[in-house]
$ cat upload.txt   # compact mmCIF, C-alpha atoms and all ligand atoms
# COMPACT_ATOMS: atom_id res chain seq x y z
CA MET X 1 -127.54 -20.73 -25.14
CA ASN X 2 -128.94 -18.03 -27.36
CA VAL X 3 -126.61 -15.10 -26.85
CA ALA X 4 -127.12 -12.76 -29.79
CA ALA X 5 -130.48 -14.03 -31.04
CA ASP X 6 -132.44 -11.37 -32.89
CA SER X 7 -129.67 -8.83 -32.56
CA ALA X 8 -128.47 -7.31 -35.83
CA PRO X 9 -125.10 -8.55 -37.09
CA THR X 10 -122.19 -6.20 -36.45
CA TRP X 11 -120.64 -4.74 -39.60
CA VAL X 12 -117.18 -3.24 -39.79
CA GLU X 13 -117.66 -0.31 -42.17
CA ALA X 14 -114.81 0.99 -44.32
CA TRP X 15 -113.89 4.67 -44.03
CA THR X 16 -113.81 6.68 -47.22
CA PRO X 17 -110.24 7.56 -48.25
CA ALA X 18 -110.97 11.21 -47.39
CA GLU X 19 -112.13 10.23 -43.89
CA GLY X 20 -109.13 7.97 -43.29
CA SER X 21 -106.69 10.65 -44.44
CA LYS X 22 -108.38 13.25 -42.29
CA ARG X 23 -108.15 11.06 -39.19
CA ALA X 24 -104.47 10.27 -39.81
CA SER X 25 -103.62 13.95 -40.40
CA ALA X 26 -105.48 14.99 -37.27
CA LEU X 27 -103.59 12.41 -35.18
CA LEU X 28 -100.24 13.56 -36.56
CA ARG X 29 -101.12 17.22 -35.91
CA GLU X 30 -102.36 16.56 -32.37
CA THR X 31 -99.36 14.42 -31.45
CA PHE X 32 -96.43 16.08 -33.20
CA GLY X 33 -97.84 19.43 -34.25
CA ALA X 34 -97.10 18.85 -37.93
CA GLU X 35 -98.98 21.17 -40.27
CA GLN X 36 -100.43 19.92 -43.57
CA PRO X 37 -98.92 16.44 -43.54
CA SER X 38 -99.20 14.12 -46.53
CA THR X 39 -101.14 10.88 -46.17
CA TRP X 40 -100.98 7.40 -47.72
CA ARG X 41 -103.40 4.49 -47.74
CA ALA X 42 -102.80 0.73 -47.81
CA PRO X 43 -105.82 -1.62 -48.04
CA GLY X 44 -106.16 -5.15 -46.66
CA ARG X 45 -105.79 -8.33 -48.71
CA VAL X 46 -108.49 -10.90 -49.24
CA THR X 47 -107.72 -14.01 -51.26
CA VAL X 48 -110.33 -15.26 -53.72
CA ILE X 49 -108.35 -18.49 -54.13
CA GLY X 50 -104.73 -19.58 -53.65
CA GLU X 51 -103.93 -19.74 -49.94
CA HIS X 52 -100.52 -20.94 -48.68
CA THR X 53 -99.11 -21.28 -52.19
CA ASP X 54 -96.84 -18.21 -52.23
CA TYR X 55 -93.81 -19.68 -50.46
CA SER X 56 -93.97 -22.71 -52.78
CA GLU X 57 -93.56 -20.38 -55.79
CA GLY X 58 -97.21 -21.04 -56.63
CA LEU X 59 -100.11 -18.96 -57.91
CA ALA X 60 -102.74 -16.93 -56.03
CA LEU X 61 -105.73 -14.78 -56.95
CA PRO X 62 -106.29 -12.10 -54.29
CA THR X 63 -107.96 -8.70 -54.24
CA VAL X 64 -108.02 -5.79 -51.79
CA THR X 65 -110.53 -4.62 -49.20
CA PRO X 66 -112.10 -1.14 -49.04
CA HIS X 67 -110.90 -1.20 -45.40
CA ALA X 68 -107.41 0.23 -45.05
CA VAL X 69 -104.56 1.48 -42.89
CA TYR X 70 -103.84 5.20 -43.29
CA VAL X 71 -100.63 6.95 -42.35
CA ALA X 72 -99.89 10.65 -42.18
CA ALA X 73 -96.24 11.60 -42.09
CA SER X 74 -93.88 14.51 -42.23
CA PRO X 75 -90.11 14.42 -42.75
CA ARG X 76 -87.64 15.49 -40.07
CA GLU X 77 -84.22 17.05 -40.31
CA ASP X 78 -82.54 14.33 -38.26
CA ARG X 79 -82.68 10.51 -38.31
CA ARG X 80 -85.28 10.16 -35.58
CA VAL X 81 -88.49 8.24 -36.19
CA ARG X 82 -91.55 8.86 -34.03
CA VAL X 83 -94.72 6.83 -34.45
CA VAL X 84 -98.18 7.00 -32.96
CA SER X 85 -101.35 5.02 -33.58
CA ASP X 86 -105.03 5.49 -32.86
CA GLN X 87 -104.78 2.39 -30.62
CA GLY X 88 -107.61 0.80 -32.51
CA GLY X 89 -108.06 -1.69 -35.31
CA SER X 90 -104.79 -3.09 -36.56
CA LEU X 91 -102.64 -0.82 -34.54
CA GLU X 92 -103.09 -1.83 -30.93
CA GLY X 93 -99.67 -1.48 -29.46
CA PRO X 94 -97.78 -1.18 -26.25
CA GLY X 95 -97.89 2.60 -25.97
CA ALA X 96 -99.43 5.64 -27.54
CA MET X 97 -96.12 6.84 -28.93
CA TRP X 98 -92.84 5.20 -29.82
CA GLU X 99 -89.59 6.85 -30.64
CA GLY X 100 -86.37 5.54 -32.18
CA THR X 101 -84.01 6.22 -35.06
CA LEU X 102 -83.39 5.00 -38.59
CA ASP X 103 -80.30 3.25 -37.30
CA ASP X 104 -82.04 1.08 -34.69
CA ASP X 105 -81.83 -2.70 -35.06
CA PRO X 106 -85.45 -3.60 -35.91
CA ARG X 107 -85.11 -7.03 -34.30
CA GLU X 108 -84.75 -5.28 -30.95
CA VAL X 109 -87.93 -3.22 -31.30
CA LYS X 110 -90.97 -4.52 -29.40
CA GLY X 111 -94.61 -4.39 -30.53
CA TRP X 112 -96.06 -3.05 -33.78
CA PRO X 113 -93.48 -0.23 -34.27
CA GLN X 114 -91.17 -3.11 -35.25
CA TYR X 115 -93.03 -3.14 -38.58
CA VAL X 116 -92.33 0.57 -39.13
CA ILE X 117 -88.65 0.42 -38.22
CA GLY X 118 -88.32 -2.96 -39.96
CA LEU X 119 -89.58 -1.49 -43.22
CA LEU X 120 -87.32 1.58 -43.02
CA TRP X 121 -84.41 -0.76 -42.26
CA ALA X 122 -85.31 -3.00 -45.25
CA MET X 123 -85.43 0.03 -47.56
CA GLN X 124 -81.97 1.09 -46.37
CA GLU X 125 -80.67 -2.45 -46.91
CA ARG X 126 -81.82 -2.09 -50.52
CA GLY X 127 -79.81 1.11 -50.86
CA TYR X 128 -82.55 3.71 -50.30
CA ASP X 129 -82.15 6.41 -47.70
CA GLY X 130 -83.55 9.70 -46.49
CA PRO X 131 -84.40 11.68 -43.38
CA GLY X 132 -86.21 10.49 -40.27
CA MET X 133 -89.94 11.09 -40.04
CA ASP X 134 -92.95 11.44 -37.75
CA LEU X 135 -95.76 9.03 -38.58
CA ALA X 136 -99.36 8.65 -37.37
CA TYR X 137 -101.32 5.48 -38.18
CA VAL X 138 -105.07 4.97 -38.09
CA SER X 139 -107.01 1.98 -39.37
CA CYS X 140 -110.47 0.59 -40.06
CA LEU X 141 -109.00 -2.80 -41.07
CA PRO X 142 -109.41 -5.52 -38.43
CA SER X 143 -106.11 -6.92 -37.19
CA ARG X 144 -105.16 -10.60 -36.84
CA ALA X 145 -108.11 -11.57 -39.01
CA GLY X 146 -106.20 -13.00 -41.99
CA LEU X 147 -106.67 -9.79 -43.99
CA GLY X 148 -103.01 -8.82 -44.20
CA SER X 149 -103.14 -5.95 -41.69
CA SER X 150 -99.46 -6.23 -40.74
CA ALA X 151 -98.47 -6.03 -44.40
CA SER X 152 -100.77 -3.00 -44.72
CA ILE X 153 -98.76 -1.20 -42.03
CA LEU X 154 -95.57 -2.09 -43.91
CA ALA X 155 -97.03 -1.02 -47.25
CA ALA X 156 -98.35 2.30 -45.92
CA THR X 157 -94.90 3.00 -44.47
CA ALA X 158 -93.23 2.04 -47.76
CA LEU X 159 -95.47 4.46 -49.68
CA ALA X 160 -94.66 7.25 -47.21
CA ALA X 161 -90.90 6.57 -47.42
CA ASN X 162 -91.11 6.44 -51.22
CA ASP X 163 -92.48 9.98 -51.32
CA LEU X 164 -90.64 11.54 -48.37
CA TRP X 165 -87.32 10.12 -49.56
CA ARG X 166 -88.17 11.05 -53.20
CA LEU X 167 -87.43 7.54 -54.45
CA ALA X 168 -89.88 7.62 -57.38
CA LEU X 169 -90.60 3.89 -57.02
CA ASP X 170 -93.87 4.42 -58.84
CA GLY X 171 -96.00 2.39 -61.21
CA ASP X 172 -96.29 -1.38 -61.00
CA GLU X 173 -92.55 -1.96 -61.23
CA GLY X 174 -91.76 0.52 -58.46
CA HIS X 175 -94.48 -0.90 -56.25
CA ALA X 176 -93.17 -4.46 -56.80
CA GLU X 177 -89.84 -3.22 -55.39
CA LEU X 178 -91.62 -1.66 -52.40
CA ALA X 179 -93.49 -4.94 -51.89
CA ASP X 180 -90.24 -6.89 -51.83
CA ALA X 181 -88.89 -4.47 -49.20
CA CYS X 182 -92.05 -5.16 -47.14
CA LEU X 183 -91.37 -8.89 -47.44
CA ASP X 184 -87.76 -8.42 -46.29
CA ALA X 185 -89.07 -6.50 -43.28
CA GLU X 186 -91.52 -9.25 -42.37
CA ASN X 187 -89.10 -12.15 -42.97
CA LEU X 188 -85.86 -10.65 -41.66
CA ALA X 189 -86.82 -7.95 -39.16
CA VAL X 190 -90.07 -9.26 -37.66
CA GLY X 191 -89.10 -12.88 -38.26
CA THR X 192 -92.35 -14.23 -39.74
CA LEU X 193 -91.49 -16.57 -42.61
CA CYS X 194 -94.61 -15.72 -44.63
CA GLY X 195 -94.59 -15.40 -48.42
CA ALA X 196 -94.99 -12.46 -50.79
CA LEU X 197 -98.78 -12.61 -51.18
CA ASP X 198 -99.82 -9.74 -48.94
CA PRO X 199 -97.46 -6.91 -49.91
CA HIS X 200 -97.70 -7.62 -53.64
CA THR X 201 -101.49 -7.59 -53.43
CA ILE X 202 -101.72 -4.51 -51.24
CA LEU X 203 -99.30 -2.45 -53.32
CA ARG X 204 -100.26 -3.65 -56.81
CA CYS X 205 -103.99 -4.44 -56.84
CA ASP X 206 -107.04 -2.17 -56.90
CA HIS X 207 -110.55 -2.87 -55.69
CA GLU X 208 -111.94 -3.36 -59.22
CA HIS X 209 -109.58 -6.24 -59.95
CA ALA X 210 -108.28 -9.54 -58.70
CA LEU X 211 -104.59 -10.09 -59.33
CA LEU X 212 -103.16 -13.34 -60.64
CA LEU X 213 -99.86 -13.46 -58.76
CA ASP X 214 -97.12 -15.79 -59.98
CA PHE X 215 -94.53 -16.31 -57.26
CA ALA X 216 -92.22 -18.31 -59.55
CA GLN X 217 -91.40 -15.04 -61.32
CA HIS X 218 -88.96 -12.53 -59.87
CA PRO X 219 -90.21 -9.97 -59.17
CA THR X 220 -93.57 -11.61 -58.55
CA GLY X 221 -95.68 -11.61 -61.74
CA ALA X 222 -99.02 -9.79 -61.44
CA GLN X 223 -101.81 -9.90 -64.00
CA PRO X 224 -105.05 -8.04 -63.24
CA TYR X 225 -108.43 -9.63 -63.93
CA PRO X 226 -111.67 -7.64 -63.63
CA MET X 227 -113.63 -8.69 -60.53
CA TYR X 228 -116.88 -9.47 -62.33
CA PHE X 229 -118.48 -10.60 -59.06
CA ARG X 230 -120.01 -7.23 -58.47
CA ASP X 231 -121.38 -6.90 -62.02
CA TYR X 232 -123.32 -10.10 -61.39
CA GLY X 233 -124.60 -9.10 -57.96
CA LEU X 234 -122.05 -11.12 -55.97
CA GLY X 235 -119.45 -10.10 -53.45
CA LEU X 236 -117.17 -11.35 -50.71
CA LEU X 237 -118.56 -11.53 -47.20
CA VAL X 238 -115.77 -11.63 -44.62
CA ILE X 239 -116.75 -13.25 -41.33
CA ASP X 240 -114.25 -12.18 -38.68
CA THR X 241 -114.68 -14.80 -35.96
CA GLY X 242 -112.53 -12.81 -33.52
CA VAL X 243 -110.78 -16.05 -32.55
CA PRO X 244 -107.19 -15.11 -31.72
CA ARG X 245 -104.74 -16.49 -34.24
CA GLY X 246 -102.56 -19.39 -33.16
CA ASP X 247 -98.79 -19.12 -33.33
CA VAL X 248 -98.52 -18.02 -36.96
CA GLN X 249 -94.72 -17.70 -36.79
CA GLN X 250 -94.52 -21.36 -35.83
CA LEU X 251 -97.05 -22.29 -38.54
CA PHE X 252 -94.92 -20.68 -41.26
CA ARG X 253 -91.68 -22.17 -39.93
CA THR X 254 -93.16 -25.66 -39.92
CA ARG X 255 -95.00 -25.41 -43.24
CA ARG X 256 -91.98 -23.92 -45.02
CA ALA X 257 -89.86 -26.87 -43.89
CA GLU X 258 -92.59 -29.35 -44.85
CA VAL X 259 -93.19 -28.01 -48.36
CA ALA X 260 -89.42 -27.96 -49.00
CA ALA X 261 -89.16 -31.57 -47.81
CA ALA X 262 -92.20 -32.57 -49.89
CA ALA X 263 -90.70 -30.99 -53.02
CA ALA X 264 -87.38 -32.75 -52.35
CA ALA X 265 -89.20 -36.08 -51.90
CA LEU X 266 -90.62 -35.51 -55.38
CA GLY X 267 -87.21 -34.68 -56.83
CA SER X 268 -88.11 -31.02 -57.39
CA GLN X 269 -86.96 -27.65 -56.14
CA THR X 270 -90.49 -26.41 -55.38
CA LEU X 271 -94.05 -27.71 -55.27
CA ARG X 272 -94.82 -25.32 -58.13
CA GLU X 273 -92.47 -27.38 -60.28
CA VAL X 274 -94.40 -30.48 -59.22
CA ALA X 275 -97.76 -28.83 -59.97
CA ASP X 276 -96.63 -27.81 -63.47
CA ALA X 277 -95.27 -31.26 -64.42
CA PRO X 278 -97.47 -34.00 -65.95
CA LEU X 279 -99.39 -36.35 -63.63
CA ALA X 280 -98.87 -34.06 -60.62
CA ALA X 281 -101.75 -35.46 -58.58
CA ARG X 282 -100.69 -39.06 -59.11
CA ARG X 283 -97.06 -38.33 -58.26
CA VAL X 284 -98.09 -36.54 -55.07
CA GLU X 285 -100.08 -39.59 -53.95
CA GLY X 286 -96.83 -41.57 -54.22
CA VAL X 287 -95.09 -39.57 -51.46
CA SER X 288 -94.56 -42.07 -48.65
CA ASP X 289 -94.61 -39.68 -45.66
CA PRO X 290 -98.32 -39.02 -44.99
CA VAL X 291 -97.80 -35.49 -43.65
CA LEU X 292 -95.62 -34.40 -46.57
CA ARG X 293 -98.09 -36.04 -48.97
CA ARG X 294 -100.95 -34.00 -47.55
CA ARG X 295 -99.00 -30.72 -47.65
CA ALA X 296 -98.01 -31.38 -51.28
CA ARG X 297 -101.60 -32.29 -52.12
CA HIS X 298 -102.88 -28.98 -50.78
CA VAL X 299 -100.33 -26.82 -52.58
CA THR X 300 -100.52 -28.56 -55.97
CA ALA X 301 -104.32 -28.80 -55.93
CA GLU X 302 -104.65 -25.17 -54.78
CA ILE X 303 -102.50 -24.04 -57.72
CA GLU X 304 -104.86 -25.96 -60.01
CA ARG X 305 -107.84 -24.27 -58.36
CA VAL X 306 -106.31 -20.85 -59.00
CA ARG X 307 -106.06 -21.74 -62.69
CA LEU X 308 -109.64 -22.99 -62.71
CA VAL X 309 -111.01 -19.84 -61.07
CA VAL X 310 -109.04 -17.58 -63.43
CA ASP X 311 -110.47 -19.53 -66.39
CA GLU X 312 -113.98 -19.21 -65.00
CA LEU X 313 -113.55 -15.49 -64.31
CA SER X 314 -112.39 -14.85 -67.84
CA GLY X 315 -114.67 -17.48 -69.44
CA THR X 316 -117.69 -16.83 -71.64
CA GLY X 317 -120.09 -19.51 -70.36
CA PRO X 318 -123.33 -18.66 -68.53
CA ALA X 319 -122.43 -16.44 -65.56
CA HIS X 320 -124.38 -18.47 -63.01
CA GLU X 321 -122.55 -21.68 -63.90
CA ARG X 322 -119.21 -19.95 -63.77
CA PHE X 323 -119.86 -18.53 -60.31
CA VAL X 324 -121.13 -21.86 -59.02
CA ALA X 325 -117.88 -23.45 -60.26
CA ILE X 326 -115.83 -20.74 -58.53
CA GLY X 327 -117.81 -21.23 -55.32
CA LYS X 328 -117.17 -25.00 -55.37
CA ALA X 329 -113.45 -24.38 -55.83
CA ILE X 330 -113.55 -22.10 -52.76
CA TYR X 331 -115.26 -24.80 -50.64
CA ARG X 332 -112.71 -27.38 -51.85
CA SER X 333 -109.95 -24.98 -50.94
CA HIS X 334 -111.28 -24.84 -47.39
CA ALA X 335 -111.45 -28.63 -47.10
CA SER X 336 -107.89 -28.80 -48.33
CA LEU X 337 -106.70 -26.11 -45.89
CA GLU X 338 -108.52 -27.88 -43.08
CA LEU X 339 -107.54 -31.47 -43.75
CA ASP X 340 -104.37 -31.45 -45.83
CA TYR X 341 -102.68 -28.22 -44.74
CA GLU X 342 -104.08 -28.12 -41.19
CA ALA X 343 -104.36 -24.32 -41.21
CA SER X 344 -107.95 -24.06 -39.98
CA ASP X 345 -109.53 -24.38 -36.55
CA PRO X 346 -112.94 -25.53 -35.23
CA THR X 347 -114.43 -22.01 -35.14
CA LEU X 348 -113.38 -21.33 -38.73
CA ASP X 349 -114.79 -24.70 -39.82
CA TYR X 350 -118.01 -23.81 -38.03
CA ALA X 351 -118.13 -20.44 -39.82
CA VAL X 352 -117.68 -22.14 -43.21
CA GLU X 353 -120.46 -24.58 -42.36
CA ALA X 354 -122.73 -21.72 -41.23
CA ALA X 355 -121.98 -19.79 -44.44
CA PHE X 356 -122.87 -22.89 -46.47
CA LYS X 357 -126.18 -23.24 -44.65
CA ALA X 358 -126.80 -19.52 -45.18
CA GLY X 359 -126.56 -20.07 -48.95
CA ALA X 360 -122.99 -18.96 -49.72
CA LEU X 361 -121.69 -20.18 -53.08
CA GLY X 362 -118.29 -20.80 -51.48
CA ALA X 363 -116.47 -20.16 -48.20
CA ARG X 364 -113.03 -20.75 -46.79
CA VAL X 365 -110.49 -19.64 -44.25
CA SER X 366 -108.86 -16.30 -45.11
CA GLY X 367 -105.09 -15.77 -45.12
CA ALA X 368 -102.82 -17.75 -42.86
CA GLY X 369 -105.77 -19.26 -40.96
CA TYR X 370 -105.36 -20.73 -37.49
CA GLY X 371 -108.00 -18.30 -36.24
CA GLY X 372 -109.14 -15.04 -37.78
CA ALA X 373 -111.69 -14.78 -40.57
CA VAL X 374 -113.55 -16.77 -43.19
CA VAL X 375 -114.33 -15.35 -46.62
CA ALA X 376 -117.55 -16.32 -48.40
CA LEU X 377 -118.81 -15.71 -51.92
CA VAL X 378 -122.43 -14.57 -51.60
CA ARG X 379 -125.11 -12.74 -53.53
CA LYS X 380 -125.15 -9.10 -52.54
CA ALA X 381 -128.94 -9.13 -52.18
CA GLN X 382 -128.57 -11.91 -49.60
CA ALA X 383 -125.52 -10.60 -47.77
CA ARG X 384 -127.39 -9.09 -44.82
CA LEU X 385 -129.54 -12.18 -44.43
CA ALA X 386 -126.51 -14.47 -44.71
CA ALA X 387 -124.73 -12.45 -42.00
CA GLN X 388 -127.84 -12.70 -39.82
CA HIS X 389 -127.91 -16.50 -40.28
CA VAL X 390 -124.23 -16.86 -39.46
CA ALA X 391 -124.51 -14.57 -36.41
CA GLN X 392 -127.49 -16.60 -35.24
CA ALA X 393 -125.62 -19.89 -35.74
CA PHE X 394 -122.77 -18.54 -33.62
CA ALA X 395 -125.21 -17.38 -30.94
CA ASP X 396 -127.01 -20.74 -30.94
CA ALA X 397 -123.72 -22.54 -30.38
CA GLY X 398 -122.75 -20.16 -27.57
CA ARG X 399 -119.83 -18.85 -29.59
CA SER X 400 -118.71 -15.25 -29.37
CA GLU X 401 -120.25 -12.83 -31.82
CA PRO X 402 -118.56 -12.54 -35.22
CA ARG X 403 -118.19 -9.27 -37.14
CA PHE X 404 -118.78 -8.86 -40.87
CA LEU X 405 -117.08 -6.94 -43.65
CA TRP X 406 -118.36 -6.49 -47.18
CA VAL X 407 -115.72 -6.50 -49.91
C1 LIG C 501 -100.42 -14.91 -44.71
C2 LIG C 501 -99.03 -14.73 -45.29
C3 LIG C 501 -99.01 -14.91 -46.80
C4 LIG C 501 -99.71 -16.19 -47.22
C5 LIG C 501 -101.06 -16.32 -46.52
C6 LIG C 501 -101.72 -17.63 -46.81
O1 LIG C 501 -101.25 -13.88 -45.10
O2 LIG C 501 -98.53 -13.45 -44.96
O3 LIG C 501 -97.70 -14.87 -47.27
O4 LIG C 501 -98.90 -17.30 -47.00
O5 LIG C 501 -100.96 -16.16 -45.12
O6 LIG C 501 -102.07 -17.70 -48.15
$ encode --input "upload.txt" --output "structure tokens" --more "lines below"
Ligand code: GLA
Amino acid sequence: MNVAADSAPTWVEAWTPAEGSKRASALLRETFGAEQPSTWRAPGRVTVIGEHTDYSEGLALPTVTPHAVYVAASPREDRRVRVVSDQGGSLEGPGAMWEGTLDDDPREVKGWPQYVIGLLWAMQERGYDGPGMDLAYVSCLPSRAGLGSSASILAATALAANDLWRLALDGDEGHAELADACLDAENLAVGTLCGALDPHTILRCDHEHALLLDFAQHPTGAQPYPMYFRDYGLGLLVIDTGVPRGDVQQLFRTRRAEVAAAAAALGSQTLREVADAPLAARRVEGVSDPVLRRRARHVTAEIERVRLVVDELSGTGPAHERFVAIGKAIYRSHASLELDYEASDPTLDYAVEAAFKAGALGARVSGAGYGGAVVALVRKAQARLAAQHVAQAFADAGRSEPRFLWV
């Protein structure tokens, strides 16, 4: 079958911040009649290297997308919370408008407004408070693609609450606190046992940098590194396969239990401790349970790959060699996520293979995996051609058409 042959690949373009803000303000005005609302923006997260290391107190090196969730909001005089979305992108939900109060139990809320109420609940649990609010969300960030869109909704809400409640949680330290509130919302209100990667990236990283996140530190350590990719004509091509994600809640429950058991089998509190101790790789191979051995292998090797990529990014050797080394680490990361961590799926593996054949320096599953997107390191001059090749490969295999984002 040759479904999309010769058709141009579909690109998901990012709105400019001005456009996103304007759309959010217009939605708030149309729905709730608010005049001159304030707006906030929260980008998506894309990981250069370091996937599924965060809840083992590991390391990761993510950056942010130019695609973002925007929220416009205005404070109320009571404790009501009303939310509306543009029904597109990340924000598909059960109804056009949802209404509740700051005192609602977030675990009882259905659909995406659970993230909004969950975040406001988590802020209150941390001792912050303020009036209710009307909020309008719009987004150009694809949802369920492994780009952190649910954390972007949380982060946008946290930024709005920070200003409307006059909390002054500003600067990196203040944003780390907001990020931890987002994590509480996701873990305790929504019930997804993910780690701290997404909110700390979204609230603490800018598009010019990658952030070395250290989840063994509390609050999470964050060190910015310039994203030299663009200076050398490279960039990240995100291939959103559109394959619905598997049961991510179940994935995190199972993997959390497995990495804890693997660490215990190695006499350690966390796999980070194992990774940092001498002879980590050899010790991991001594774990008798084959599943726990593979999980430990992924996490400890992925932490090593983060260190390698950071060294290459900040190294002084010839640029081409450094980027080839980074690309190889990204391919190895995919193999490890596929075989040892079992967080990939056949369509994602196919996308990685297609990206390889299209000349990508590296490619791997993005975010939690189990469906969603693949991220590839490619030369900017070849990005359109690479996307064309990948789209053609999908068409040739009778697979549904992927969409592309340039980061
Ligand atoms: C999701 C989770 C993160 C992290 C990644 C995988 O995005 O929210 O905490 O575990 O998957 O790296």
$ closest_residue --input "upload.txt" --among "X:Gly327, X:Pro244, X:Pro131, X:Pro62" --to "X:Pro226" --atoms "only C-alpha atoms"
X:Pro62
$ closest_residue --input "upload.txt" --among "X:Ala296, X:Val190, X:Leu266, X:Leu147" --to "ligand LIG 501 (chain C)" --atoms "only C-alpha atoms and all ligand atoms"
X:Leu147
$ closest_atom_pairs --input "upload.txt" --of "stretch 127-168 of chain X" --to "stretch 31-41 of chain X" --cutoff "8 Å" --atoms "all atoms listed in the file" --output "JSON lines"
{"residue": "X:Asp134", "atom": "CA", "partner": "X:Phe32", "partner_atom": "CA", "distance": 7.4}
{"residue": "X:Ala156", "atom": "CA", "partner": "X:Arg41", "partner_atom": "CA", "distance": 5.8}
{"residue": "X:Leu159", "atom": "CA", "partner": "X:Trp40", "partner_atom": "CA", "distance": 6.5}
{"residue": "X:Ala160", "atom": "CA", "partner": "X:Trp40", "partner_atom": "CA", "distance": 6.3}
$ residues_near_ligand --input "upload.txt" --ligand "ligand LIG 501 (chain C)" --cutoff "6 Å" --atoms "all atoms listed in the file" --output "list in words"
Glu51, His52, Asp54, Gly146, Gly148, Cys194, Gly195, Ala196, Leu197, Asp198, Gly367 and Ala368 of chain X
$ write_last_selection --input "upload.txt" --atoms "C-alpha atoms" --output "PDB file, in the frame of the given file"
ATOM      1  CA  GLU X  51    -103.930 -19.740 -49.940  1.00  0.00           C
ATOM      2  CA  HIS X  52    -100.520 -20.940 -48.680  1.00  0.00           C
ATOM      3  CA  ASP X  54     -96.840 -18.210 -52.230  1.00  0.00           C
ATOM      4  CA  GLY X 146    -106.200 -13.000 -41.990  1.00  0.00           C
ATOM      5  CA  GLY X 148    -103.010  -8.820 -44.200  1.00  0.00           C
ATOM      6  CA  CYS X 194     -94.610 -15.720 -44.630  1.00  0.00           C
ATOM      7  CA  GLY X 195     -94.590 -15.400 -48.420  1.00  0.00           C
ATOM      8  CA  ALA X 196     -94.990 -12.460 -50.790  1.00  0.00           C
ATOM      9  CA  LEU X 197     -98.780 -12.610 -51.180  1.00  0.00           C
ATOM     10  CA  ASP X 198     -99.820  -9.740 -48.940  1.00  0.00           C
ATOM     11  CA  GLY X 367    -105.090 -15.770 -45.120  1.00  0.00           C
ATOM     12  CA  ALA X 368    -102.820 -17.750 -42.860  1.00  0.00           C
TER      13      ALA X 368
END
$ atom_distance --input "upload.txt" --atom1 "atom CA of X:Ala264" --atom2 "atom CA of X:Arg297"
14.2 Å
$ atom_distance --input "upload.txt" --atom1 "atom CA of X:Ala265" --atom2 "atom CA of X:Ala280"
13.2 Å
$ residues_around --input "upload.txt" --residues "stretch 162-179 of chain X" --least-positions-apart "5" --cutoff "12 Å" --atoms "only C-alpha atoms" --output "MDAnalysis selection string"
chainID X and resid 37:40 42 72:77 119:120 122:124 126:135 151:157 184:186 195:206 213 215 217:224
$ closest_residue --input "upload.txt" --among "X:Thr47, X:Gln249, X:Ser85, X:Ser56" --to "X:Ser25" --atoms "all atoms listed in the file"
X:Ser85
$ residues_near_point --input "upload.txt" --point "(-95.7, -21.9, -54.4)" --cutoff "8 Å" --atoms "only C-alpha atoms" --output "JSON, numbers by chain"
{"X": [52, 53, 54, 55, 56, 57, 58, 59, 215, 216, 270, 271, 272, 299, 303]}
$ residues_around --input "upload.txt" --residues "X:Gly369" --least-positions-apart "6" --cutoff "12 Å" --atoms "all atoms listed in the file" --output "ChimeraX atom specification"
/X:47,51-52,144-148,240-249,251-252,334,337-338,341-349,375
$ atom_distance --input "upload.txt" --atom1 "atom CA of X:Ile326" --atom2 "atom CA of X:Val390"
21.2 Å
$ closest_residue --input "upload.txt" --among "X:Val374, X:Val259, X:Glu312, X:Trp121" --to "X:Thr300" --atoms "only C-alpha atoms"
X:Val259
$ build_atoms --input "upload.txt" --residues "stretch 47-55 of chain X" --atoms "N, CA and C atoms" --output "PDB file, in the frame of the given file"
ATOM      1  N   THR X  47    -108.062 -13.081 -50.181  1.00  0.00           N
ATOM      2  CA  THR X  47    -107.720 -14.010 -51.260  1.00  0.00           C
ATOM      3  C   THR X  47    -108.982 -14.665 -51.794  1.00  0.00           C
ATOM      4  N   VAL X  48    -109.195 -14.552 -53.103  1.00  0.00           N
ATOM      5  CA  VAL X  48    -110.330 -15.260 -53.720  1.00  0.00           C
ATOM      6  C   VAL X  48    -110.014 -16.756 -53.704  1.00  0.00           C
ATOM      7  N   ILE X  49    -108.812 -17.093 -54.161  1.00  0.00           N
ATOM      8  CA  ILE X  49    -108.350 -18.490 -54.130  1.00  0.00           C
ATOM      9  C   ILE X  49    -106.813 -18.482 -54.202  1.00  0.00           C
ATOM     10  N   GLY X  50    -106.190 -19.497 -53.599  1.00  0.00           N
ATOM     11  CA  GLY X  50    -104.730 -19.580 -53.650  1.00  0.00           C
ATOM     12  C   GLY X  50    -104.101 -19.238 -52.313  1.00  0.00           C
ATOM     13  N   GLU X  51    -104.457 -20.003 -51.280  1.00  0.00           N
ATOM     14  CA  GLU X  51    -103.930 -19.740 -49.940  1.00  0.00           C
ATOM     15  C   GLU X  51    -102.760 -20.695 -49.659  1.00  0.00           C
ATOM     16  N   HIS X  52    -101.717 -20.173 -49.026  1.00  0.00           N
ATOM     17  CA  HIS X  52    -100.520 -20.940 -48.680  1.00  0.00           C
ATOM     18  C   HIS X  52     -99.860 -21.583 -49.907  1.00  0.00           C
ATOM     19  N   THR X  53     -99.838 -20.829 -50.988  1.00  0.00           N
ATOM     20  CA  THR X  53     -99.110 -21.280 -52.190  1.00  0.00           C
ATOM     21  C   THR X  53     -97.888 -20.413 -52.442  1.00  0.00           C
ATOM     22  N   ASP X  54     -97.852 -19.210 -51.825  1.00  0.00           N
ATOM     23  CA  ASP X  54     -96.840 -18.210 -52.230  1.00  0.00           C
ATOM     24  C   ASP X  54     -95.417 -18.668 -51.938  1.00  0.00           C
ATOM     25  N   TYR X  55     -95.194 -19.292 -50.779  1.00  0.00           N
ATOM     26  CA  TYR X  55     -93.810 -19.680 -50.460  1.00  0.00           C
ATOM     27  C   TYR X  55     -93.462 -21.042 -51.040  1.00  0.00           C
TER      28      TYR X  55
END
